[in-house]
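Peer 1: Take a look at this one; I'll ask things after.
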Amino acid sequence: MTSQPTSPQPNSPQPNSPWMHVFPGAPDAVADLVCLPHAGGSASFFHPLARLVAPRVRVLGVQYPGRQERRREPVVTDVREIAAGVLDALAGFGDRPVVYFGHSMGAVVAYEMAVVKSPAALVVSGRRAPSRYRDETVHRRDDAGVVAELRRLSGTHSALLADPEVLELILPAVRGDYQAIETYRHADATPPLECPVTVLTGDTDPMVSADEAADWQRHARHPVDLRVYPGGHFFLVDHAVGIAETLVETATSR
């Protein structure tokens, strides 16, 4: 769960939809892939993925408030409020089949979206099941403590974390996002999801154990497709091509 401020920028958001960036290259796509980033992340994180799944799938990259062109907006520190904002933005994007794909914090946001409005499929990455918790308080640390966590997860180049100007830009969003995910609690009465669920995890991810990943089954009506990759929290970067193939297959078979 880290920020990647130097990722390539997608094209401009749709009018009246600051939550959503529509990546080019898939004007005749048969499905939409709504991509929800990790804590501190931005829509531009999914730029490489958008190229890999085009032209059959169009990527809608979610831009949370408090970063990049939304940096003057307050960071939203409640997962369900973030989910509601994304769902409101999606209302104007047509009637293609929609798959939700979230990484890390984005996985829980995607899950909460699916609870409210079922997608064609849900794909979650780098996150334990919503009902599994750890005693995490990164959002309460001082700046040095937050930076130490970013270094531990290896999602941000070390040189960027040594730049005071970069830190001034990204730390408010990182801290707010960590507050959102660390204070999130699953509602026990929530019924299992009816949509297909695919779970992606890294075998050495310090944020997700094998049991925590497998427990996504608790939240799904049908058998979960659990796929384990070599790597840590950002395993999806190293396995981008294979994961893109999985996402295209998932999105176009519904």
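Residues in the structure tokens are named by chain (A, B, ... in the order shown) and by number from 1 within that chain; ligands are numbered from 1 in the order shown.
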Got a sec: who's within 12 Å of Gly242 of chain A, counting only C-alpha atoms, leaving out chain neighbours fewer than 2 positions off, as an MDAnalysis selection string?
Peer 2: chainID A and resid 49 52:53 200 227:229 235:240 244:249
Peer 1: Check which residues of segment 154-187 of chain A sit at most 6 Å from segment 125-149 of chain A using only C-alpha atoms, and return one row each with the closest pair of atoms and their distance in Å to one decimal, ordered by chain and rising number, as JSON lines.
Peer 2:
{"residue": "A:Arg175", "atom": "CA", "partner": "A:His139", "partner_atom": "CA", "distance": 4.9}
{"residue": "A:Tyr178", "atom": "CA", "partner": "A:His139", "partner_atom": "CA", "distance": 5.3}
{"residue": "A:Gln179", "atom": "CA", "partner": "A:His139", "partner_atom": "CA", "distance": 5.2}
{"residue": "A:His186", "atom": "CA", "partner": "A:Ser131", "partner_atom": "CA", "distance": 5.5}
Peer 1: Keeping only N, CA and C atoms, write the selected residues to a file as a compact mmCIF listing (two decimals), in the first residue's frame.
Peer 2:
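Output contents, as saved in selection_33.txt:
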# COMPACT_ATOMS: atom_id res chain seq x y z
N ARG A 175 -1.36 8.71 4.48
CA ARG A 175 -1.82 8.61 5.86
C ARG A 175 -3.35 8.45 5.92
N TYR A 178 -4.37 4.97 4.77
CA TYR A 178 -4.09 3.99 5.82
C TYR A 178 -5.13 4.07 6.93
N GLN A 179 -5.55 5.27 7.26
CA GLN A 179 -6.60 5.41 8.27
C GLN A 179 -7.87 4.71 7.81
N HIS A 186 -15.59 -5.14 8.82
CA HIS A 186 -16.60 -5.79 8.01
C HIS A 186 -17.91 -5.91 8.80
Peer 1: Got a sec: who's within 12 Å of Trp216 of chain A, counting only C-alpha atoms, leaving out chain neighbours fewer than 6 positions off, as a PyMOL selection string?
Peer 2: chain A and resi 107-108+111+122-132+192-193+196-201+208-210+222-226
Peer 1: Limited to N, CA, C and O atoms, could you put the picked residues into a file as a CSV table (one decimal), in the first residue's frame?
Peer 2:
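Heads up, here's the output in out-v6.csv:
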chain,number,residue,atom,x,y,z
A,107,ALA,N,-8.8,-3.5,-2.9
A,107,ALA,CA,-9.6,-4.8,-2.9
A,107,ALA,C,-10.8,-4.7,-1.9
A,107,ALA,O,-11.9,-5.2,-2.3
A,108,VAL,N,-10.6,-4.0,-0.8
A,108,VAL,CA,-11.7,-3.9,0.1
A,108,VAL,C,-12.7,-2.9,-0.4
A,108,VAL,O,-13.9,-3.0,-0.2
A,111,TYR,N,-14.7,-4.7,-2.9
A,111,TYR,CA,-15.6,-5.6,-2.2
A,111,TYR,C,-16.9,-4.9,-1.7
A,111,TYR,O,-18.0,-5.3,-1.9
A,122,LEU,N,-15.6,-10.0,-9.5
A,122,LEU,CA,-14.8,-9.3,-8.6
A,122,LEU,C,-13.4,-9.9,-8.6
A,122,LEU,O,-13.3,-11.2,-8.4
A,123,VAL,N,-12.3,-9.2,-8.8
A,123,VAL,CA,-11.0,-9.7,-8.7
A,123,VAL,C,-10.3,-8.8,-7.6
A,123,VAL,O,-10.2,-7.6,-7.7
A,124,VAL,N,-9.7,-9.5,-6.6
A,124,VAL,CA,-9.0,-8.8,-5.5
A,124,VAL,C,-7.6,-9.3,-5.4
A,124,VAL,O,-7.3,-10.4,-5.7
A,125,SER,N,-6.7,-8.3,-5.1
A,125,SER,CA,-5.3,-8.6,-5.1
A,125,SER,C,-4.6,-8.0,-3.9
A,125,SER,O,-4.9,-6.9,-3.5
A,126,GLY,N,-3.7,-8.8,-3.3
A,126,GLY,CA,-2.8,-8.3,-2.3
A,126,GLY,C,-3.6,-7.8,-1.0
A,126,GLY,O,-3.1,-6.9,-0.4
A,127,ARG,N,-4.7,-8.5,-0.7
A,127,ARG,CA,-5.4,-8.1,0.5
A,127,ARG,C,-6.0,-9.3,1.2
A,127,ARG,O,-6.6,-10.2,0.5
A,128,ARG,N,-6.0,-9.4,2.5
A,128,ARG,CA,-6.7,-10.5,3.2
A,128,ARG,C,-8.2,-10.3,3.1
A,128,ARG,O,-8.7,-9.2,2.8
A,129,ALA,N,-8.9,-11.3,3.5
A,129,ALA,CA,-10.4,-11.3,3.5
A,129,ALA,C,-10.9,-10.1,4.3
A,129,ALA,O,-10.3,-9.8,5.3
A,130,PRO,N,-12.0,-9.5,4.0
A,130,PRO,CA,-12.5,-8.4,4.7
A,130,PRO,C,-12.8,-8.6,6.2
A,130,PRO,O,-12.7,-7.7,7.0
A,131,SER,N,-13.0,-9.9,6.6
A,131,SER,CA,-13.3,-10.2,8.0
A,131,SER,C,-12.0,-10.5,8.8
A,131,SER,O,-12.1,-10.8,9.9
A,132,ARG,N,-10.9,-10.4,8.1
A,132,ARG,CA,-9.6,-10.7,8.8
A,132,ARG,C,-8.9,-9.4,9.1
A,132,ARG,O,-8.7,-8.6,8.2
A,192,PRO,N,-23.1,-13.3,1.5
A,192,PRO,CA,-22.0,-13.6,0.6
A,192,PRO,C,-22.3,-13.1,-0.8
A,192,PRO,O,-23.5,-12.9,-1.2
A,193,LEU,N,-21.2,-12.7,-1.5
A,193,LEU,CA,-21.4,-12.2,-2.8
A,193,LEU,C,-21.9,-13.2,-3.8
A,193,LEU,O,-21.4,-14.4,-3.7
A,196,PRO,N,-18.9,-14.1,-9.3
A,196,PRO,CA,-17.6,-14.8,-9.3
A,196,PRO,C,-16.5,-14.0,-8.6
A,196,PRO,O,-16.4,-12.8,-8.8
A,197,VAL,N,-15.7,-14.6,-7.8
A,197,VAL,CA,-14.6,-13.9,-7.1
A,197,VAL,C,-13.3,-14.6,-7.4
A,197,VAL,O,-13.2,-15.8,-7.2
A,198,THR,N,-12.3,-13.8,-7.8
A,198,THR,CA,-10.9,-14.3,-8.0
A,198,THR,C,-10.0,-13.6,-7.0
A,198,THR,O,-10.1,-12.3,-6.9
A,199,VAL,N,-9.2,-14.3,-6.4
A,199,VAL,CA,-8.2,-13.7,-5.4
A,199,VAL,C,-6.8,-14.0,-5.9
A,199,VAL,O,-6.4,-15.1,-6.1
A,200,LEU,N,-6.0,-12.9,-6.0
A,200,LEU,CA,-4.6,-13.0,-6.4
A,200,LEU,C,-3.8,-12.6,-5.2
A,200,LEU,O,-4.0,-11.6,-4.5
A,201,THR,N,-2.7,-13.3,-4.9
A,201,THR,CA,-1.9,-13.0,-3.8
A,201,THR,C,-0.4,-13.4,-4.1
A,201,THR,O,-0.2,-14.3,-4.9
A,208,VAL,N,-0.4,-10.3,3.7
A,208,VAL,CA,-1.4,-11.3,3.5
A,208,VAL,C,-0.8,-12.7,3.7
A,208,VAL,O,0.1,-13.1,2.9
A,209,SER,N,-1.3,-13.5,4.6
A,209,SER,CA,-0.9,-14.9,4.7
A,209,SER,C,-1.8,-15.7,3.8
A,209,SER,O,-2.8,-15.3,3.3
A,210,ALA,N,-1.4,-17.0,3.6
A,210,ALA,CA,-2.1,-17.9,2.8
A,210,ALA,C,-3.5,-18.1,3.3
A,210,ALA,O,-4.5,-18.1,2.6
A,222,HIS,N,-20.1,-18.7,-4.2
A,222,HIS,CA,-19.5,-19.8,-5.1
A,222,HIS,C,-18.1,-19.9,-4.8
A,222,HIS,O,-17.4,-19.1,-4.2
A,223,PRO,N,-17.5,-21.1,-5.2
A,223,PRO,CA,-16.0,-21.3,-4.9
A,223,PRO,C,-15.2,-20.2,-5.5
A,223,PRO,O,-15.3,-19.7,-6.6
A,224,VAL,N,-14.3,-19.7,-4.7
A,224,VAL,CA,-13.3,-18.6,-5.1
A,224,VAL,C,-12.2,-19.2,-5.9
A,224,VAL,O,-11.7,-20.3,-5.6
A,225,ASP,N,-11.7,-18.5,-6.9
A,225,ASP,CA,-10.6,-18.9,-7.6
A,225,ASP,C,-9.3,-18.2,-7.0
A,225,ASP,O,-9.1,-17.0,-7.2
A,226,LEU,N,-8.6,-18.9,-6.3
A,226,LEU,CA,-7.4,-18.4,-5.6
A,226,LEU,C,-6.1,-18.7,-6.4
A,226,LEU,O,-5.8,-19.9,-6.7
Peer 1: Segment 86-100 of chain A: which residues within 7 Å, counting only C-alpha atoms, same-chain residues fewer than 6 positions away excluded, as a list in words?
Peer 2: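 Once the adjacent positions are removed, what remains is Ser17, Trp19, Met20, Val30, Ala31, Asp32, Leu33, Val34, Cys35, Ala110, Met113, Pro119, Ala120, Ala121, Leu122, Val123 and Ala251 of chain A.
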Peer 1: Please write the residues from the selection above to a file, keeping N, CA and C atoms, as a short mmCIF file (atom, residue, chain, number, x, y, z; two decimals), in the first residue's frame.
Peer 2:
data_model
loop_
_atom_site.label_atom_id
_atom_site.label_comp_id
_atom_site.auth_asym_id
_atom_site.auth_seq_id
_atom_site.Cartn_x
_atom_site.Cartn_y
_atom_site.Cartn_z
N SER A 17 -16.76 13.64 -13.58
CA SER A 17 -16.38 12.40 -12.91
C SER A 17 -14.93 12.46 -12.44
N TRP A 19 -13.67 11.11 -10.09
CA TRP A 19 -13.27 9.81 -9.55
C TRP A 19 -12.66 8.90 -10.61
N MET A 20 -12.90 9.18 -11.88
CA MET A 20 -12.62 8.17 -12.89
C MET A 20 -11.73 8.69 -14.01
N VAL A 30 -15.43 -4.76 -25.07
CA VAL A 30 -16.66 -5.49 -24.75
C VAL A 30 -16.95 -5.50 -23.26
N ALA A 31 -16.01 -4.98 -22.45
CA ALA A 31 -16.21 -4.95 -21.00
C ALA A 31 -15.36 -3.83 -20.40
N ASP A 32 -15.77 -3.38 -19.23
CA ASP A 32 -15.03 -2.37 -18.49
C ASP A 32 -14.40 -3.00 -17.26
N LEU A 33 -13.15 -2.59 -16.97
CA LEU A 33 -12.43 -3.04 -15.79
C LEU A 33 -12.21 -1.83 -14.89
N VAL A 34 -12.90 -1.79 -13.77
CA VAL A 34 -12.77 -0.68 -12.83
C VAL A 34 -11.63 -1.01 -11.87
N CYS A 35 -10.57 -0.23 -11.91
CA CYS A 35 -9.34 -0.53 -11.18
C CYS A 35 -9.19 0.40 -9.98
N ALA A 110 -13.33 -2.37 -3.52
CA ALA A 110 -14.04 -3.11 -4.57
C ALA A 110 -15.05 -4.07 -3.96
N MET A 113 -18.05 -2.12 -2.85
CA MET A 113 -18.84 -1.79 -4.03
C MET A 113 -19.69 -2.97 -4.46
N PRO A 119 -21.03 -6.71 -9.53
CA PRO A 119 -20.41 -6.63 -10.86
C PRO A 119 -20.52 -7.95 -11.59
N ALA A 120 -20.04 -7.99 -12.81
CA ALA A 120 -19.96 -9.26 -13.53
C ALA A 120 -18.99 -10.21 -12.82
N ALA A 121 -17.95 -9.65 -12.21
CA ALA A 121 -16.99 -10.43 -11.44
C ALA A 121 -16.20 -9.48 -10.55
N LEU A 122 -15.63 -10.03 -9.49
CA LEU A 122 -14.77 -9.28 -8.58
C LEU A 122 -13.41 -9.95 -8.56
N VAL A 123 -12.35 -9.16 -8.77
CA VAL A 123 -10.98 -9.66 -8.68
C VAL A 123 -10.26 -8.82 -7.62
N ALA A 251 -13.15 -10.75 -17.67
CA ALA A 251 -14.06 -9.69 -18.11
C ALA A 251 -14.85 -10.06 -19.35
#
Peer 1: Write out as a PDB file with N, CA and C atoms, in the first residue's frame all residues of segment 152-253 of chain A that backbone DSSP assigns to alpha helix (DSSP H).
Peer 2:
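Written file, result.pdb:
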ATOM      1  N   ARG A 152       9.190  -0.761   3.484  1.00  0.00           N
ATOM      2  CA  ARG A 152       9.029  -2.188   3.779  1.00  0.00           C
ATOM      3  C   ARG A 152       8.266  -2.900   2.665  1.00  0.00           C
ATOM      4  N   LEU A 153       7.271  -2.222   2.093  1.00  0.00           N
ATOM      5  CA  LEU A 153       6.447  -2.845   1.064  1.00  0.00           C
ATOM      6  C   LEU A 153       7.046  -2.717  -0.332  1.00  0.00           C
ATOM      7  N   SER A 158      13.071   4.207  -3.650  1.00  0.00           N
ATOM      8  CA  SER A 158      13.720   4.762  -2.457  1.00  0.00           C
ATOM      9  C   SER A 158      14.123   6.219  -2.647  1.00  0.00           C
ATOM     10  N   ALA A 159      14.551   6.562  -3.849  1.00  0.00           N
ATOM     11  CA  ALA A 159      14.974   7.940  -4.102  1.00  0.00           C
ATOM     12  C   ALA A 159      13.818   8.921  -3.898  1.00  0.00           C
ATOM     13  N   LEU A 160      12.619   8.522  -4.280  1.00  0.00           N
ATOM     14  CA  LEU A 160      11.453   9.392  -4.101  1.00  0.00           C
ATOM     15  C   LEU A 160      11.157   9.605  -2.624  1.00  0.00           C
ATOM     16  N   LEU A 161      11.333   8.555  -1.836  1.00  0.00           N
ATOM     17  CA  LEU A 161      11.049   8.666  -0.408  1.00  0.00           C
ATOM     18  C   LEU A 161      12.080   9.510   0.321  1.00  0.00           C
ATOM     19  N   PRO A 164      12.118  15.484   0.087  1.00  0.00           N
ATOM     20  CA  PRO A 164      11.140  16.156   0.953  1.00  0.00           C
ATOM     21  C   PRO A 164       9.948  16.714   0.197  1.00  0.00           C
ATOM     22  N   GLU A 165      10.150  17.199  -1.026  1.00  0.00           N
ATOM     23  CA  GLU A 165       9.037  17.761  -1.791  1.00  0.00           C
ATOM     24  C   GLU A 165       8.046  16.674  -2.201  1.00  0.00           C
ATOM     25  N   VAL A 166       8.557  15.515  -2.578  1.00  0.00           N
ATOM     26  CA  VAL A 166       7.687  14.401  -2.929  1.00  0.00           C
ATOM     27  C   VAL A 166       6.901  13.944  -1.703  1.00  0.00           C
ATOM     28  N   LEU A 167       7.588  13.840  -0.573  1.00  0.00           N
ATOM     29  CA  LEU A 167       6.912  13.399   0.650  1.00  0.00           C
ATOM     30  C   LEU A 167       5.807  14.364   1.054  1.00  0.00           C
ATOM     31  N   GLU A 168       6.064  15.649   0.896  1.00  0.00           N
ATOM     32  CA  GLU A 168       5.041  16.643   1.240  1.00  0.00           C
ATOM     33  C   GLU A 168       3.787  16.439   0.401  1.00  0.00           C
ATOM     34  N   LEU A 169       3.966  16.003  -0.839  1.00  0.00           N
ATOM     35  CA  LEU A 169       2.831  15.792  -1.735  1.00  0.00           C
ATOM     36  C   LEU A 169       2.075  14.503  -1.418  1.00  0.00           C
ATOM     37  N   ILE A 170       2.797  13.434  -1.128  1.00  0.00           N
ATOM     38  CA  ILE A 170       2.133  12.131  -1.045  1.00  0.00           C
ATOM     39  C   ILE A 170       1.713  11.716   0.358  1.00  0.00           C
ATOM     40  N   LEU A 171       2.379  12.211   1.410  1.00  0.00           N
ATOM     41  CA  LEU A 171       2.107  11.686   2.742  1.00  0.00           C
ATOM     42  C   LEU A 171       0.678  11.930   3.235  1.00  0.00           C
ATOM     43  N   PRO A 172       0.058  13.086   2.962  1.00  0.00           N
ATOM     44  CA  PRO A 172      -1.329  13.241   3.432  1.00  0.00           C
ATOM     45  C   PRO A 172      -2.261  12.179   2.862  1.00  0.00           C
ATOM     46  N   ALA A 173      -2.133  11.872   1.576  1.00  0.00           N
ATOM     47  CA  ALA A 173      -2.978  10.844   0.972  1.00  0.00           C
ATOM     48  C   ALA A 173      -2.649   9.462   1.535  1.00  0.00           C
ATOM     49  N   VAL A 174      -1.365   9.181   1.688  1.00  0.00           N
ATOM     50  CA  VAL A 174      -0.964   7.885   2.238  1.00  0.00           C
ATOM     51  C   VAL A 174      -1.534   7.700   3.644  1.00  0.00           C
ATOM     52  N   ARG A 175      -1.359   8.709   4.484  1.00  0.00           N
ATOM     53  CA  ARG A 175      -1.825   8.606   5.864  1.00  0.00           C
ATOM     54  C   ARG A 175      -3.353   8.454   5.917  1.00  0.00           C
ATOM     55  N   GLY A 176      -4.061   9.255   5.120  1.00  0.00           N
ATOM     56  CA  GLY A 176      -5.513   9.173   5.115  1.00  0.00           C
ATOM     57  C   GLY A 176      -6.018   7.831   4.627  1.00  0.00           C
ATOM     58  N   ASP A 177      -5.379   7.297   3.589  1.00  0.00           N
ATOM     59  CA  ASP A 177      -5.767   5.987   3.076  1.00  0.00           C
ATOM     60  C   ASP A 177      -5.507   4.892   4.105  1.00  0.00           C
ATOM     61  N   TYR A 178      -4.373   4.966   4.772  1.00  0.00           N
ATOM     62  CA  TYR A 178      -4.088   3.985   5.820  1.00  0.00           C
ATOM     63  C   TYR A 178      -5.130   4.074   6.933  1.00  0.00           C
ATOM     64  N   GLN A 179      -5.550   5.274   7.259  1.00  0.00           N
ATOM     65  CA  GLN A 179      -6.596   5.410   8.266  1.00  0.00           C
ATOM     66  C   GLN A 179      -7.873   4.713   7.805  1.00  0.00           C
ATOM     67  N   ALA A 180      -8.214   4.889   6.534  1.00  0.00           N
ATOM     68  CA  ALA A 180      -9.426   4.269   6.004  1.00  0.00           C
ATOM     69  C   ALA A 180      -9.364   2.752   6.111  1.00  0.00           C
ATOM     70  N   ILE A 181      -8.260   2.147   5.689  1.00  0.00           N
ATOM     71  CA  ILE A 181      -8.206   0.692   5.658  1.00  0.00           C
ATOM     72  C   ILE A 181      -7.935   0.105   7.039  1.00  0.00           C
ATOM     73  N   GLU A 182      -7.186   0.812   7.870  1.00  0.00           N
ATOM     74  CA  GLU A 182      -6.873   0.274   9.199  1.00  0.00           C
ATOM     75  C   GLU A 182      -8.040   0.382  10.166  1.00  0.00           C
ATOM     76  N   ALA A 210      -1.351 -16.981   3.604  1.00  0.00           N
ATOM     77  CA  ALA A 210      -2.131 -17.893   2.769  1.00  0.00           C
ATOM     78  C   ALA A 210      -3.532 -18.093   3.335  1.00  0.00           C
ATOM     79  N   ASP A 211      -3.637 -18.230   4.658  1.00  0.00           N
ATOM     80  CA  ASP A 211      -4.949 -18.417   5.291  1.00  0.00           C
ATOM     81  C   ASP A 211      -5.816 -17.171   5.142  1.00  0.00           C
ATOM     82  N   GLU A 212      -5.207 -16.003   5.277  1.00  0.00           N
ATOM     83  CA  GLU A 212      -5.976 -14.760   5.154  1.00  0.00           C
ATOM     84  C   GLU A 212      -6.496 -14.573   3.743  1.00  0.00           C
ATOM     85  N   ALA A 213      -5.721 -14.990   2.759  1.00  0.00           N
ATOM     86  CA  ALA A 213      -6.183 -14.910   1.367  1.00  0.00           C
ATOM     87  C   ALA A 213      -7.299 -15.923   1.117  1.00  0.00           C
ATOM     88  N   ALA A 214      -7.126 -17.144   1.624  1.00  0.00           N
ATOM     89  CA  ALA A 214      -8.136 -18.189   1.406  1.00  0.00           C
ATOM     90  C   ALA A 214      -9.467 -17.836   2.052  1.00  0.00           C
ATOM     91  N   PHE A 235       3.527  -8.013  -6.151  1.00  0.00           N
ATOM     92  CA  PHE A 235       3.765  -9.105  -7.088  1.00  0.00           C
ATOM     93  C   PHE A 235       3.116  -8.839  -8.440  1.00  0.00           C
ATOM     94  N   LEU A 236       2.019  -8.101  -8.463  1.00  0.00           N
ATOM     95  CA  LEU A 236       1.298  -7.879  -9.719  1.00  0.00           C
ATOM     96  C   LEU A 236       2.119  -7.083 -10.724  1.00  0.00           C
ATOM     97  N   VAL A 237       3.094  -6.323 -10.272  1.00  0.00           N
ATOM     98  CA  VAL A 237       3.961  -5.590 -11.201  1.00  0.00           C
ATOM     99  C   VAL A 237       4.853  -6.566 -11.966  1.00  0.00           C
ATOM    100  N   ASP A 238       5.404  -7.540 -11.254  1.00  0.00           N
ATOM    101  CA  ASP A 238       6.295  -8.509 -11.886  1.00  0.00           C
ATOM    102  C   ASP A 238       5.549  -9.519 -12.762  1.00  0.00           C
ATOM    103  N   ALA A 240       2.667  -8.824 -14.547  1.00  0.00           N
ATOM    104  CA  ALA A 240       1.635  -8.001 -15.196  1.00  0.00           C
ATOM    105  C   ALA A 240       1.004  -8.694 -16.393  1.00  0.00           C
ATOM    106  N   VAL A 241       1.798  -9.340 -17.218  1.00  0.00           N
ATOM    107  CA  VAL A 241       1.257  -9.949 -18.432  1.00  0.00           C
ATOM    108  C   VAL A 241       0.287 -11.077 -18.093  1.00  0.00           C
ATOM    109  N   GLY A 242       0.682 -11.959 -17.209  1.00  0.00           N
ATOM    110  CA  GLY A 242      -0.185 -13.065 -16.836  1.00  0.00           C
ATOM    111  C   GLY A 242      -1.451 -12.602 -16.148  1.00  0.00           C
ATOM    112  N   ILE A 243      -1.328 -11.599 -15.284  1.00  0.00           N
ATOM    113  CA  ILE A 243      -2.506 -11.085 -14.594  1.00  0.00           C
ATOM    114  C   ILE A 243      -3.433 -10.387 -15.578  1.00  0.00           C
ATOM    115  N   ALA A 244      -2.869  -9.672 -16.541  1.00  0.00           N
ATOM    116  CA  ALA A 244      -3.692  -9.033 -17.569  1.00  0.00           C
ATOM    117  C   ALA A 244      -4.481 -10.087 -18.345  1.00  0.00           C
ATOM    118  N   GLU A 245      -3.849 -11.198 -18.669  1.00  0.00           N
ATOM    119  CA  GLU A 245      -4.553 -12.267 -19.380  1.00  0.00           C
ATOM    120  C   GLU A 245      -5.714 -12.804 -18.543  1.00  0.00           C
ATOM    121  N   THR A 246      -5.489 -12.961 -17.250  1.00  0.00           N
ATOM    122  CA  THR A 246      -6.554 -13.416 -16.350  1.00  0.00           C
ATOM    123  C   THR A 246      -7.708 -12.417 -16.321  1.00  0.00           C
ATOM    124  N   LEU A 247      -7.381 -11.146 -16.276  1.00  0.00           N
ATOM    125  CA  LEU A 247      -8.416 -10.115 -16.210  1.00  0.00           C
ATOM    126  C   LEU A 247      -9.219 -10.049 -17.503  1.00  0.00           C
ATOM    127  N   VAL A 248      -8.546 -10.170 -18.637  1.00  0.00           N
ATOM    128  CA  VAL A 248      -9.270 -10.165 -19.917  1.00  0.00           C
ATOM    129  C   VAL A 248     -10.202 -11.371 -19.996  1.00  0.00           C
ATOM    130  N   GLU A 249      -9.699 -12.531 -19.609  1.00  0.00           N
ATOM    131  CA  GLU A 249     -10.535 -13.736 -19.629  1.00  0.00           C
ATOM    132  C   GLU A 249     -11.748 -13.574 -18.707  1.00  0.00           C
ATOM    133  N   THR A 250     -11.504 -13.027 -17.517  1.00  0.00           N
ATOM    134  CA  THR A 250     -12.594 -12.827 -16.557  1.00  0.00           C
ATOM    135  C   THR A 250     -13.627 -11.852 -17.084  1.00  0.00           C
ATOM    136  N   ALA A 251     -13.154 -10.750 -17.675  1.00  0.00           N
ATOM    137  CA  ALA A 251     -14.056  -9.692 -18.106  1.00  0.00           C
ATOM    138  C   ALA A 251     -14.846 -10.061 -19.353  1.00  0.00           C
ATOM    139  N   THR A 252     -14.275 -10.873 -20.216  1.00  0.00           N
ATOM    140  CA  THR A 252     -14.925 -11.140 -21.504  1.00  0.00           C
ATOM    141  C   THR A 252     -15.707 -12.453 -21.523  1.00  0.00           C
TER     142      THR A 252
END
